[in-house]
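Q: Structure file input18.cif (mmCIF, C-alpha atoms and all ligand atoms) is given on the next line.
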```cif
data_start
#
loop_
_atom_site.label_atom_id
_atom_site.label_comp_id
_atom_site.auth_asym_id
_atom_site.auth_seq_id
_atom_site.Cartn_x
_atom_site.Cartn_y
_atom_site.Cartn_z
CA MET Z 15 42.96 -130.68 14.88
CA LYS Z 16 45.57 -131.41 17.53
CA ARG Z 17 48.74 -131.76 15.51
CA PHE Z 18 49.80 -128.28 16.62
CA PHE Z 19 50.39 -129.21 20.21
CA ALA Z 20 54.04 -130.07 20.16
CA ASN Z 21 54.17 -129.81 23.93
CA SER Z 22 50.63 -130.91 24.60
CA LYS Z 23 49.57 -133.76 26.81
CA HIS Z 24 47.77 -135.19 23.78
CA CYS Z 25 51.07 -135.73 22.06
CA VAL Z 26 53.31 -136.49 25.00
CA THR Z 27 55.35 -139.50 24.12
CA THR Z 28 57.05 -141.62 26.71
CA PHE Z 29 59.71 -143.92 25.48
CA CYS Z 30 60.12 -147.03 27.53
CA LEU Z 31 63.54 -148.43 26.89
CA LEU Z 32 64.15 -152.09 26.66
CA VAL Z 33 67.51 -153.73 26.16
CA ILE Z 34 67.27 -157.32 25.08
CA LEU Z 35 70.11 -159.75 25.26
CA PRO Z 36 69.56 -162.96 23.34
CA ALA Z 37 67.13 -165.04 25.38
CA GLN Z 38 67.56 -162.77 28.39
CA VAL Z 39 65.22 -160.27 29.90
CA MET Z 40 66.85 -156.97 30.79
CA GLY Z 41 63.83 -154.72 31.09
CA GLN Z 42 60.36 -154.78 32.53
CA GLY Z 43 56.93 -153.81 31.28
CA ALA Z 44 55.31 -150.43 31.86
CA GLU Z 45 52.75 -150.12 34.61
CA PRO Z 46 49.48 -148.71 33.28
CA GLY Z 47 48.06 -145.96 35.43
CA ASN Z 48 51.30 -145.08 37.19
CA PHE Z 49 52.17 -141.67 35.83
CA GLY Z 50 54.98 -141.03 38.27
CA SER Z 51 55.26 -138.26 40.77
CA ALA Z 52 57.88 -135.87 39.36
CA ALA Z 53 55.40 -134.01 37.15
CA SER Z 54 52.64 -133.72 39.71
CA GLY Z 55 53.57 -130.23 40.88
CA GLY Z 56 52.38 -131.13 44.37
CA ALA Z 57 48.90 -132.15 43.22
CA PRO Z 58 47.56 -135.39 44.70
CA LEU Z 59 47.98 -138.21 42.26
CA LEU Z 60 45.09 -140.44 41.27
CA LEU Z 61 46.85 -143.69 40.70
CA GLU Z 62 43.86 -145.97 40.60
CA GLN Z 63 42.62 -147.19 37.25
CA PRO Z 64 39.30 -145.59 36.16
CA GLN Z 65 36.44 -148.08 36.21
CA THR Z 66 33.99 -146.04 34.17
CA ALA Z 67 34.05 -143.28 31.57
CA ARG Z 68 32.82 -140.92 34.29
CA ASP Z 69 35.88 -141.79 36.40
CA LEU Z 70 38.11 -141.02 33.46
CA VAL Z 71 36.46 -137.64 32.88
CA LYS Z 72 36.89 -136.85 36.58
CA ILE Z 73 40.56 -137.79 36.57
CA ARG Z 74 41.21 -135.75 33.43
CA ALA Z 75 39.44 -132.74 34.92
CA HIS Z 76 41.55 -133.09 38.06
CA TYR Z 77 44.78 -133.07 36.07
CA ASP Z 78 43.60 -130.26 33.77
CA GLN Z 79 43.04 -128.06 36.83
CA THR Z 80 46.32 -128.97 38.53
CA VAL Z 81 49.22 -130.52 36.65
CA TRP Z 82 48.11 -129.27 33.22
CA SER Z 83 46.54 -125.91 34.08
CA LYS Z 84 49.27 -123.92 32.31
CA GLU Z 85 49.07 -126.32 29.38
CA VAL Z 86 45.29 -125.86 29.14
CA MET Z 87 45.81 -122.10 28.98
CA ALA Z 88 48.55 -122.55 26.37
CA GLN Z 89 46.11 -124.50 24.21
CA GLU Z 90 43.55 -121.73 24.48
CA PHE Z 91 46.04 -119.08 23.36
CA GLU Z 92 47.60 -121.10 20.57
CA GLN Z 93 44.22 -121.63 18.95
CA ALA Z 94 44.97 -118.70 16.62
CA PHE Z 95 47.84 -120.69 15.09
CA VAL Z 96 45.88 -123.96 15.12
CA ASP Z 97 43.18 -122.22 13.09
CA LEU Z 98 45.77 -120.66 10.81
CA TRP Z 99 47.37 -124.02 10.04
CA ASP Z 100 44.00 -125.73 9.50
CA ARG Z 101 42.91 -123.01 7.10
CA LEU Z 102 46.22 -123.15 5.23
CA LEU Z 103 45.77 -126.89 4.79
CA GLN Z 104 42.19 -126.56 3.64
CA ASN Z 105 42.53 -123.62 1.24
CA ASP Z 106 44.38 -123.41 -2.05
CA ASP Z 107 44.55 -119.62 -1.79
CA LYS Z 108 47.09 -119.43 1.04
CA TYR Z 109 47.68 -115.71 0.54
CA GLU Z 110 44.02 -115.07 1.32
CA VAL Z 111 44.38 -117.07 4.56
CA PHE Z 112 47.27 -114.85 5.65
CA ARG Z 113 45.39 -111.70 4.58
CA THR Z 114 42.58 -112.67 6.97
CA SER Z 115 44.73 -113.83 9.91
CA VAL Z 116 44.83 -110.68 11.95
CA PHE Z 117 47.53 -109.39 14.30
CA ASP Z 118 48.55 -105.88 15.38
CA ARG Z 119 52.23 -105.47 14.53
CA MET Z 120 55.09 -107.47 13.06
CA ILE Z 121 58.72 -106.77 13.98
CA GLY Z 122 61.50 -107.72 11.58
CA GLY Z 123 65.16 -106.82 11.09
CA THR Z 124 66.66 -104.35 8.64
CA GLU Z 125 70.18 -105.65 8.02
CA PRO Z 126 70.47 -108.90 6.02
CA ARG Z 127 73.31 -111.17 7.06
CA SER Z 128 73.90 -113.93 4.57
CA GLN Z 129 75.93 -117.09 4.61
CA GLN Z 130 76.84 -118.96 1.44
CA LEU Z 131 76.59 -122.77 1.55
CA ASP Z 132 77.37 -125.52 -0.97
CA TRP Z 133 75.16 -126.04 -4.02
CA GLY Z 134 74.56 -122.30 -4.36
CA ILE Z 135 72.41 -122.25 -1.21
CA GLN Z 136 72.26 -118.98 0.67
CA VAL Z 137 70.97 -118.53 4.24
CA THR Z 138 69.91 -115.04 5.31
CA LYS Z 139 68.91 -113.68 8.70
CA TYR Z 140 67.78 -110.15 9.36
CA ALA Z 141 69.20 -108.26 12.35
CA GLY Z 142 70.02 -104.62 13.13
CA GLN Z 143 67.45 -101.95 13.83
CA PRO Z 144 63.94 -103.36 14.16
CA ARG Z 145 61.42 -102.60 11.45
CA GLU Z 146 57.74 -102.57 12.33
CA LEU Z 147 54.93 -103.46 9.99
CA SER Z 148 51.31 -102.78 10.75
CA PHE Z 149 48.84 -105.46 9.68
CA ALA Z 150 47.79 -103.27 6.72
CA GLU Z 151 51.42 -102.93 5.63
CA TRP Z 152 51.87 -106.70 5.99
CA VAL Z 153 48.92 -107.27 3.66
CA GLN Z 154 50.54 -104.94 1.11
CA GLU Z 155 53.75 -107.00 1.33
CA LEU Z 156 51.74 -110.20 0.82
CA ASN Z 157 50.10 -108.73 -2.27
CA ARG Z 158 53.50 -107.77 -3.63
CA PHE Z 159 54.88 -111.29 -3.12
CA GLU Z 160 51.84 -112.87 -4.72
CA LYS Z 161 52.03 -110.59 -7.75
CA ALA Z 162 55.74 -111.41 -8.16
CA GLY Z 163 54.89 -115.11 -8.52
CA TYR Z 164 55.93 -116.51 -5.14
CA ARG Z 165 53.84 -119.60 -4.34
CA ILE Z 166 53.37 -120.82 -0.77
CA VAL Z 167 53.80 -124.59 -1.04
CA GLU Z 168 53.35 -125.74 2.56
CA THR Z 169 53.71 -124.55 6.13
CA GLU Z 170 54.16 -125.92 9.67
CA TRP Z 171 53.47 -124.24 13.01
CA HIS Z 172 54.36 -125.53 16.48
CA HIS Z 173 53.95 -123.99 19.90
CA LEU Z 174 57.29 -124.39 21.68
CA ARG Z 175 56.87 -122.33 24.85
CA PHE Z 176 54.12 -120.42 26.62
CA ASP Z 177 54.30 -117.94 29.49
CA PRO Z 178 50.91 -117.08 31.01
CA PRO Z 179 50.04 -113.41 31.56
CA THR Z 180 51.17 -111.77 34.78
CA GLU Z 181 50.11 -108.53 36.44
CA THR Z 182 52.88 -106.70 34.60
CA ALA Z 183 53.33 -108.62 31.34
CA PRO Z 184 51.01 -110.04 28.70
CA ALA Z 185 51.06 -113.72 27.78
CA ASN Z 186 53.76 -114.60 25.30
CA SER Z 187 54.79 -117.61 23.28
CA THR Z 188 57.57 -118.98 21.17
CA VAL Z 189 56.14 -120.43 17.97
CA SER Z 190 58.33 -122.31 15.52
CA MET Z 191 57.34 -122.06 11.90
CA LEU Z 192 58.43 -123.50 8.58
CA MET Z 193 57.32 -122.38 5.15
CA HIS Z 194 58.30 -123.65 1.72
CA VAL Z 195 57.95 -121.08 -1.07
CA GLU Z 196 58.78 -121.34 -4.74
CA ASN Z 197 58.94 -119.05 -7.70
CA SER Z 198 58.71 -121.29 -10.76
CA ALA Z 199 59.41 -118.57 -13.32
CA GLN Z 200 62.68 -117.72 -11.62
CA GLN Z 201 63.48 -121.36 -10.68
CA GLN Z 202 63.82 -120.27 -7.06
CA ARG Z 203 62.92 -122.16 -3.90
CA PHE Z 204 62.88 -120.81 -0.37
CA VAL Z 205 62.64 -122.28 3.12
CA ILE Z 206 61.61 -119.78 5.78
CA LYS Z 207 62.23 -121.33 9.16
CA GLY Z 208 62.81 -120.43 12.79
CA ASP Z 209 61.20 -119.31 16.03
CA MET Z 210 58.86 -116.35 16.32
CA GLN Z 211 58.12 -114.52 19.56
CA VAL Z 212 54.43 -113.79 19.98
CA GLU Z 213 52.91 -111.36 22.47
CA TRP Z 214 49.20 -111.92 23.05
CA ARG Z 215 46.20 -109.76 23.90
CA ARG Z 216 42.55 -110.54 24.53
CA GLY Z 217 40.09 -109.69 21.74
CA ALA Z 218 37.79 -106.77 22.56
CA ASN Z 219 34.59 -108.58 21.62
CA ASP Z 220 34.78 -112.17 22.82
CA GLY Z 221 38.01 -112.23 24.82
CA THR Z 222 39.72 -114.75 22.56
CA ALA Z 223 43.50 -114.63 22.38
CA VAL Z 224 44.82 -112.54 19.48
CA PRO Z 225 48.49 -112.23 18.43
CA SER Z 226 49.39 -108.64 19.21
CA VAL Z 227 53.10 -108.42 18.36
CA ILE Z 228 54.86 -111.03 16.21
CA ASP Z 229 58.65 -110.76 16.22
CA VAL Z 230 60.09 -112.63 13.22
CA ARG Z 231 63.76 -111.76 13.73
CA GLY Z 232 64.45 -115.38 14.70
CA LEU Z 233 63.61 -116.59 11.19
CA ALA Z 234 66.17 -117.56 8.56
CA ILE Z 235 65.50 -117.61 4.82
CA THR Z 236 67.28 -120.34 2.88
CA ARG Z 237 67.19 -119.92 -0.90
CA ARG Z 238 68.46 -121.79 -3.91
CA THR Z 239 68.14 -121.09 -7.63
CA GLY Z 240 68.15 -123.97 -10.09
CA ALA Z 241 66.34 -127.17 -10.99
CA PRO Z 242 64.92 -129.19 -8.07
CA ALA Z 243 67.28 -131.82 -6.67
CA PHE Z 244 64.61 -134.55 -6.79
CA VAL Z 245 61.98 -135.42 -9.36
CA GLU Z 246 59.05 -137.78 -8.89
CA LYS Z 247 59.73 -141.15 -10.51
CA ARG Z 248 57.00 -143.39 -9.20
CA VAL Z 249 54.14 -143.19 -6.71
CA GLU Z 250 52.79 -146.20 -4.81
CA GLN Z 251 49.51 -146.08 -2.91
CA PHE Z 252 48.99 -148.10 0.27
CA ALA Z 253 45.64 -148.26 2.05
CA THR Z 254 45.85 -148.22 5.85
CA ASN Z 255 43.38 -148.47 8.71
CA SER Z 256 44.26 -147.18 12.17
CA GLN Z 257 42.51 -150.16 13.78
CA GLY Z 258 44.17 -152.62 11.40
CA VAL Z 259 40.81 -153.64 9.92
CA ASP Z 260 41.08 -154.90 6.33
CA PHE Z 261 44.43 -153.13 5.90
CA PRO Z 262 47.64 -152.83 7.92
CA SER Z 263 47.54 -149.99 10.42
CA THR Z 264 50.70 -148.50 8.96
CA ILE Z 265 53.17 -148.98 6.11
CA HIS Z 266 56.19 -148.20 8.24
CA PRO Z 267 58.94 -148.89 8.79
CA VAL Z 268 60.30 -148.19 5.30
CA ILE Z 269 63.80 -149.69 5.01
CA LEU Z 270 66.49 -149.42 2.34
CA GLN Z 271 68.70 -152.51 2.43
CA ASP Z 272 70.66 -154.47 -0.15
CA LEU Z 273 69.33 -157.95 0.53
CA ASN Z 274 71.02 -159.88 -2.29
CA GLY Z 275 74.49 -158.35 -2.28
CA ASP Z 276 74.35 -156.76 -5.75
CA HIS Z 277 75.05 -153.29 -4.28
CA LEU Z 278 71.60 -152.04 -5.27
CA PRO Z 279 69.46 -151.33 -2.20
CA GLU Z 280 66.06 -152.95 -2.05
CA LEU Z 281 63.10 -150.97 -0.78
CA VAL Z 282 61.16 -152.71 1.99
CA ILE Z 283 57.71 -151.59 3.09
CA ALA Z 284 57.70 -153.61 6.29
CA GLY Z 285 54.16 -152.73 7.40
CA TYR Z 286 52.92 -154.31 4.17
CA ASN Z 287 55.49 -157.15 4.13
CA LYS Z 288 56.60 -155.99 0.66
CA VAL Z 289 60.05 -155.94 -0.86
CA TYR Z 290 60.78 -153.98 -4.03
CA TRP Z 291 63.72 -155.78 -5.60
CA ASN Z 292 66.00 -153.20 -7.17
CA LYS Z 293 66.75 -154.11 -10.80
CA GLY Z 294 68.69 -150.90 -11.45
CA LYS Z 295 67.79 -147.87 -13.59
CA TRP Z 296 64.75 -147.22 -11.37
CA GLU Z 297 63.18 -150.59 -12.19
CA PHE Z 298 61.73 -152.48 -9.23
CA GLU Z 299 60.04 -155.87 -8.91
CA VAL Z 300 57.64 -156.19 -6.01
CA ALA Z 301 57.33 -159.40 -3.97
CA GLU Z 302 56.37 -160.61 -0.50
CA LEU Z 303 59.20 -160.21 2.01
CA CYS Z 304 58.43 -163.02 4.49
CA GLU Z 305 56.52 -166.16 3.67
CA PHE Z 306 54.92 -166.21 7.14
CA PRO Z 307 54.67 -162.54 8.18
CA PRO Z 308 53.20 -161.33 11.46
CA GLU Z 309 50.28 -158.92 11.32
CA HIS Z 310 50.75 -155.18 11.82
CA THR Z 311 54.50 -154.82 11.90
CA ASN Z 312 55.36 -151.53 13.57
CA ALA Z 313 59.16 -151.61 13.84
CA ALA Z 314 61.78 -153.73 12.06
CA LEU Z 315 65.42 -154.02 11.02
CA PHE Z 316 67.82 -156.15 9.01
CA ALA Z 317 70.98 -157.35 10.75
CA ASP Z 318 72.91 -160.57 11.14
CA LEU Z 319 71.49 -161.44 14.53
CA THR Z 320 72.40 -165.13 14.35
CA GLY Z 321 76.06 -164.49 13.54
CA ASP Z 322 76.25 -166.71 10.42
CA GLY Z 323 77.15 -163.86 8.05
CA VAL Z 324 73.67 -163.69 6.47
CA LEU Z 325 71.24 -160.88 7.13
CA ASP Z 326 68.25 -161.73 9.33
CA TYR Z 327 65.03 -159.81 9.70
CA LEU Z 328 63.60 -158.80 13.05
CA CYS Z 329 60.18 -157.19 13.24
CA VAL Z 330 57.97 -156.23 16.15
CA PRO Z 331 54.21 -156.23 15.58
CA LYS Z 332 51.99 -153.65 17.19
CA ASN Z 333 51.09 -155.14 20.58
CA GLY Z 334 53.00 -158.36 19.98
CA TYR Z 335 56.33 -160.07 20.52
CA PRO Z 336 59.46 -159.57 18.41
CA HIS Z 337 59.68 -162.02 15.51
CA LEU Z 338 63.09 -163.15 14.28
CA TYR Z 339 63.25 -164.43 10.70
CA GLN Z 340 66.53 -166.17 9.97
CA GLY Z 341 67.68 -165.10 6.53
CA SER Z 342 68.93 -167.26 3.67
CA PRO Z 343 71.56 -166.10 1.17
CA GLY Z 344 69.96 -163.91 -1.49
CA GLY Z 345 67.66 -162.18 0.97
CA LYS Z 346 64.98 -164.85 1.39
CA PHE Z 347 62.91 -165.24 4.53
CA SER Z 348 61.00 -168.47 3.95
CA ASP Z 349 61.03 -170.06 7.43
CA LEU Z 350 58.60 -169.66 10.28
CA PRO Z 351 59.77 -166.94 12.66
CA GLN Z 352 61.18 -167.44 16.13
CA VAL Z 353 58.78 -165.55 18.39
CA MET Z 354 60.82 -164.01 21.19
CA LYS Z 355 58.65 -164.14 24.32
CA PHE Z 356 61.25 -162.72 26.67
CA ILE Z 357 58.62 -160.67 28.48
CA GLY Z 358 55.35 -161.86 29.93
CA ASP Z 359 53.04 -159.61 27.98
CA PRO Z 360 52.96 -158.49 24.35
CA MET Z 361 54.89 -155.29 23.79
CA PRO Z 362 52.57 -152.29 23.34
CA VAL Z 363 53.33 -150.03 20.38
CA PRO Z 364 56.97 -150.67 19.55
CA ILE Z 365 58.02 -147.65 17.53
CA ALA Z 366 61.71 -148.20 16.72
CA VAL Z 367 64.31 -150.94 16.92
CA THR Z 368 68.03 -150.85 16.41
CA ALA Z 369 70.90 -153.29 16.99
CA GLY Z 370 74.43 -153.02 18.31
CA ASP Z 371 76.82 -155.01 20.45
CA ILE Z 372 76.01 -153.10 23.60
CA ASP Z 373 77.88 -155.41 26.00
CA HIS Z 374 80.89 -156.07 23.72
CA ASP Z 375 80.48 -159.85 23.82
CA GLY Z 376 80.58 -160.26 20.04
CA ASP Z 377 76.86 -160.62 19.31
CA LEU Z 378 74.26 -158.05 18.43
CA ASP Z 379 71.86 -156.82 21.11
CA LEU Z 380 68.57 -155.10 20.43
CA PHE Z 381 67.22 -151.79 21.60
CA ILE Z 382 63.47 -151.38 21.19
CA GLY Z 383 61.69 -148.09 21.83
CA GLN Z 384 57.99 -148.04 22.61
CA GLN Z 385 55.41 -145.30 22.64
CA ARG Z 386 52.99 -144.71 25.49
CA PRO Z 387 50.40 -141.93 25.62
CA GLY Z 388 50.90 -139.43 28.42
CA TYR Z 389 47.45 -140.27 29.85
CA CA N 401 70.07 -155.60 -4.03
CA CA N 402 72.05 -164.44 10.19
CA CA N 403 76.18 -158.40 22.62
#
```
The structure in this file should be written as structure tokens.
A:
Amino acid sequence: MKRFFANSKHCVTTFCLLVILPAQVMGQGAEPGNFGSAASGGAPLLLEQPQTARDLVKIRAHYDQTVWSKEVMAQEFEQAFVDLWDRLLQNDDKYEVFRTSVFDRMIGGTEPRSQQLDWGIQVTKYAGQPRELSFAEWVQELNRFEKAGYRIVETEWHHLRFDPPTETAPANSTVSMLMHVENSAQQQRFVIKGDMQVEWRRGANDGTAVPSVIDVRGLAITRRTGAPAFVEKRVEQFATNSQGVDFPSTIHPVILQDLNGDHLPELVIAGYNKVYWNKGKWEFEVAELCEFPPEHTNAALFADLTGDGVLDYLCVPKNGYPHLYQGSPGGKFSDLPQVMKFIGDPMPVPIAVTAGDIDHDGDLDLFIGQQRPGY
């Protein structure tokens, strides 16, 4: 699974910014295949579009050996944490996953420094003299926590920084982690969060990268005792399909907006063209939002874009043109949309849209962010 690679080329997101004035073009489309020159690191750029899959493999290999060589090594080393996260997701017994995720030593602090926040929340960091735990001692600590009723709810792990090994220093990484823990009997919840420093070594048998020293002094423990702030009231299921076959490709954006002026916000699932009319006291009535919706909405907002004092709805389909639905009082969108073809080609993967009077001329302008893969 690739979700781990926060700084990976697989997840690199380029935001192409587009400012749209009403009926005016202020931006221009992205140029496929032009990856720029700033990141090349002196390597020759292959700007031509691949004609075959073999071309694509060749181009990727070229970049992996030049521009991305450090990144490729980072991915090899971080595999220990990729595996850890996968196993934590797949196994109910999360303590057993940690008991079998080997490292040499862990370094923590000895002096707790706590800060008291509102709502009885306490944040604690550990500083002072370092305290070392061997892996065997760490396992004993895990057993103690498990026996005391601490349940590991969920975790996240991201590789923030990687320094390859040198002649004098081993490879090391900064890994950010997040863990939610609860103790139901004591009505306690914990968030353990922060950056860990990891020093790596090669395994004796197969040469794979193994965490040697894990320094957890950058972590903070946030704790609160009491009933949870939120309780589950209702769960809605939405089927999706990444290709948009049979179902929308996404439910998002999810928007809270009072559409009828009764001061109760409606819940809009724009990807599904659904509005949940808020009747108060957690009662909702579901209906279609637009009578003539576009397919595969990917970004949307409500704002009075026409300046008549009534909210309008603007949505941008995946690989399409922005659609403006002029609103009627009461939050109805019954008319055909105005399709805004202010650029020559459909807009690939719009991911966010917001509105503001950017040029101070009294009308709202739009700002649409797109996503483009790094390759
Ligand atoms: Ca309302
Ligand atoms: Ca309007
Ligand atoms: Ca304006």
Q: At a cut-off of 6 Å, using all atoms listed in the file, what residues contact region 103-117 of chain Z? Leave out same-chain residues fewer than 4 positions from it and give the result as a PyMOL selection string.
A: chain Z and resi 153+225-226
Q: Could you write out that same residue set with C-alpha atoms as a JSON list (two decimals), in the frame of the given file?
A:
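Dumped everything to again-v4.json:
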```
[["chain", "number", "residue", "atom", "x", "y", "z"],
["Z", 153, "VAL", "CA", 48.92, -107.27, 3.66],
["Z", 225, "PRO", "CA", 48.49, -112.23, 18.43],
["Z", 226, "SER", "CA", 49.39, -108.64, 19.21]]
```
Q: Check which residues fall inside 8 Å of ligand CA 402 (chain N) when counting only C-alpha atoms and all ligand atoms, and print them as JSON, numbers by chain.
A: {"Z": [317, 318, 319, 320, 321, 322, 323, 324, 325, 326, 340, 341, 342]}
Q: For each of Z:Arg237, Z:Lys72, Z:Trp291, Z:Gly275, take the minimum atom-to-atom distance to Gln129 (chain Z), counting all atoms listed in the file, then give the residue where this is smallest.
A: Z:Arg237
Q: List all protein, DNA and RNA residues that have at least one atom no more than 12 Å from any atom of ligand CA 401 (chain N), counting all atoms listed in the file, and write them as a list in words.
A: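 Counting only what the definition allows, namely all atoms listed in the file, the set is Leu270, Gln271, Asp272, Leu273, Asn274, Gly275, Asp276, His277, Leu278, Pro279, Glu280, Leu281, Val282, Val289, Tyr290, Trp291, Asn292, Lys293, Gly294, Glu297, Phe298, Glu299, Pro343, Gly344, Gly345 and Lys346 of chain Z.
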Q: When distances are computed from only C-alpha atoms, which of Z:Ala67, Z:Ala94, Z:Met87, Z:Ala241 shows the smallest separation from Gln201 (chain Z)?
A: Z:Ala241
Q: Using only C-alpha atoms and all ligand atoms, which residues of the polymer chains come no farther than 8 Å from ligand CA 403 (chain N)? I'd like the answer as a PyMOL selection string.
A: chain Z and resi 35+370-379
Q: Between Z:Asp209, Z:Glu160, Z:Glu92, Z:Glu155, which has the minimum distance to Asp177 (chain Z) (counting all atoms listed in the file)?
A: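 Nearest to Asp177 (chain Z): Z:Glu92.
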Q: Using CA of Ile382 (chain Z) and CA of Val367 (chain Z) as the two end points, give the distance in Å to one decimal.
A: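 So the answer is 4.4 Å.
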Q: If we count only C-alpha atoms and set the cut-off at 7 Å, which residues sit around Asn186 (chain Z), ignoring sequence neighbours fewer than 4 positions away in its own chain? Please answer as a list of chain:residue names.
A: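 In the requested form, the answer reads Z:Phe176, Z:Asp177, Z:Pro178, Z:Val212, Z:Glu213, Z:Trp214.
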Q: What's the 12 Å shell around region 303-308 of chain Z, counting all atoms listed in the file, without same-chain residues fewer than 2 positions away, as a ChimeraX atom specification?
A: /Z:262,269,273,280-291,299-301,310-314,316,326-342,344-353
Q: Suppose you want the space between CA of Met361 (chain Z) and CA of Gln384 (chain Z); what is it in Å?
A: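 These two atoms are separated by 8.0 Å.
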Q: Just give me the gap between CA of Asp229 (chain Z) and CA of Val189 (chain Z) in Å, one decimal is fine.
A: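 Separation between CA of Asp229 (chain Z) and CA of Val189 (chain Z): 10.1 Å.
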Q: Which residues are near Asn197 (chain Z)? Cut-off 9 Å, only C-alpha atoms, ignore same chain within fewer than 6 positions. Put them as a list in words.
A: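 Using only C-alpha atoms, the neighbours found are Ala162, Gly163, Tyr164, Arg165, Arg203 and Phe204 of chain Z.
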Q: Please provide as a list of chain:residue names all residues within 10 Å of Arg216 (chain Z), with the sequence filter that same-chain residues fewer than 6 positions apart are discarded (counting only C-alpha atoms).
A: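 Using only C-alpha atoms, the neighbours found are Z:Phe91, Z:Pro184, Z:Ala185, Z:Thr222, Z:Ala223, Z:Val224, Z:Pro225, Z:Ser226.
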Q: Counting only C-alpha atoms, figure out which residue out of Z:Lys355, Z:Arg238, Z:Arg158, Z:Arg248 gets nearest to Gln130 (chain Z).
A: Z:Arg238
Q: Could you tell me, as a ChimeraX atom specification, which residues have any atom at most 12 Å from (76.2, -118.8, 2.7), counting only C-alpha atoms?
A: /Z:126-139,234-238
Q: Using only C-alpha atoms, pick whichever of Z:Ile357, Z:Ala75, Z:Leu315, Z:Val245 has the shortest atom-to-atom distance to Ala369 (chain Z).
A: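 Closest to Ala369 (chain Z) of all the choices is Z:Leu315.
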